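Worksheet: the structure to be examined is printed underneath.
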Amino acid sequence: MTIDSVATLRERDWATEDPADVEPLRYAVVGLGGYARNVSLPAIERGSYAAVGAVVSGDPTKADRVTAEYDAVPLSYESYAAGEATGAYDAVYVATPNREHRPHVETAAEHGRHVLCEKPLDATVDRAAASVEACAAADVRLMTAYRMQTDPVVRGLRRLIADGAVGDPVKLFGDFTFPVLAGDRGVDQWRLDAALAGGGALYDVGVYPLNTARFLLDADPVAVTATAVGGDGEERSSATPFAEVDAHTHFHVEFPDGVVGNFSASFRGAGNATLTLVGTDGRVRVEDAFQPGHDRRVVVETGDERVEIEDVGGDETVAAFDYFAHAVRTDGAIDPDADDGLTDQRVLAAIRRAATDGERVAL
């Protein structure tokens, strides 16, 4: 791939089968929070290989409303755990708060259903590992819902970088700032609850530049250092909303071959999402990189050449559900697989440790 082919970064390179020839994968959506209702369910509905089969919620009124809209089977958490209506779905999409992922993943595995689980896999490394082991023991597929890895633009950039279009990678810069208290979102939300979230800005949005960098480089970190603000253990209130979790984390990541990355994640400040990779012969920059449903601006520069693409991407959530469905139905490879999500969980834990101890943590 050369820089001249950047403008073609819109194709689903994994879609080997015509949707008409593949039976749609029916998802049970577990957890009907705002993201599931406003982003995930519409994405499944727009998919070419996916369909909504069931919804699981502790709120019967909410479940009935969503069920009517998507013609799905409504389930309570108790009926889901008991294995009711498993004939209505082929796979489970887990969209609950982080610490609640494990039991829902294990339930899916127990009932022989494949799993697409929101990031991170859980609130701790041990809980995430248990989910991976449960799915392996049940011989069901498990994928972390890293939608950026299924985005045709990001996948195309990975090929471009691997083909040496910008030379050897040298360094990366990335930021994802999500104003978590904006709008009508108050302090009483699970993202600010350490027990449910596991971590704050780092776990919720910092994982995006981290995971996307790993994907573009096809490499895992070897060491990290970090600085965090927040999570000081005070009582959480409107005056101290970030008492339990980090409001901001800046982390430096060392990759093999001397490649380094500087990334930041924040729950405070104007919204922002950017990622830049600098190579020996050029650079790649992605703006509006991580927000769901946003068109992106991609700039690739090498020497005197410059290619700029506007209004690309934006359907990566649709692509994530379709990608997993296609892989399950065709017995295709899954990347990001379960181990990929577990690797990120370990790196996140190391970053937290580095921020707490003020020392470099080797991986």
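Labeling convention for the structure tokens: chains A, B, ... as they appear, residues from 1 per chain, ligands from 1 in order of appearance.
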Residues near segment 37-52 of chain A, cut-off 9 Å, only C-alpha atoms, skip fewer than 4 positions along chain, as a VMD selection string: chain A and resid 19 to 20 22 to 29 31 to 33 66 70 to 73 89 95 292 to 293 315 to 326 329
Cut-off 9 Å: closest segment 239-259 of chain A/segment 205-222 of chain A atom pairs per residue, using only C-alpha atoms, as CSV:
```
residue,atom,partner,partner_atom,distance
A:Thr249,CA,A:Gly206,CA,7.9
A:His250,CA,A:Gly206,CA,8.8
A:Val253,CA,A:Pro221,CA,6.3
A:Glu254,CA,A:Pro221,CA,5.6
A:Phe255,CA,A:Pro221,CA,4.5
A:Pro256,CA,A:Val222,CA,6.6
```
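Of the listed residues (A:Trp190, A:His294, A:Val166, A:Lys171), A:Val166 comes nearest to Thr280 of chain A; the distances count only C-alpha atoms.
Using only C-alpha atoms, the contacts of segment 267-271 of chain A at a cut-off of 8 Å, with sequence neighbours closer than 5 positions omitted, comprise Phe176, Thr177, Phe178, Pro179, Val180, Leu181, Gly200, Ala201, Ala247 and His248 of chain A.
Ranking A:Leu196, A:Val300, A:Leu363, A:Ala354 by their shortest atom-to-atom distance to Gly156 of chain A, with only C-alpha atoms included, puts A:Val300 first.
Interatomic distance, atom CA of Gly174 of chain A against atom CA of Leu202 of chain A: 12.6 Å.
The space separating atom CA of Arg306 of chain A from atom CA of Glu287 of chain A comes to 15.6 Å.
In this model, the gap between atom CA of Gly303 of chain A and atom CA of Asp13 of chain A comes to 28.0 Å.
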Assign secondary structure with DSSP using the backbone only, and return the residues of segment 46-185 of chain A in alpha helix (DSSP H) as a PyMOL selection string. chain A and resi 46+60-70+77-81+101-110+125-138+152-162
Could you name the residues that touch Gly186 of chain A at 10 Å or less, counting only C-alpha atoms, but leaving out those on the same chain fewer than 6 positions away, as a PyMOL selection string? chain A and resi 180+192+237-238+241
Best match for closeness to Arg283 of chain A among A:Ala362, A:Glu308, A:Ala350, A:Ala145, counting only C-alpha atoms: A:Glu308
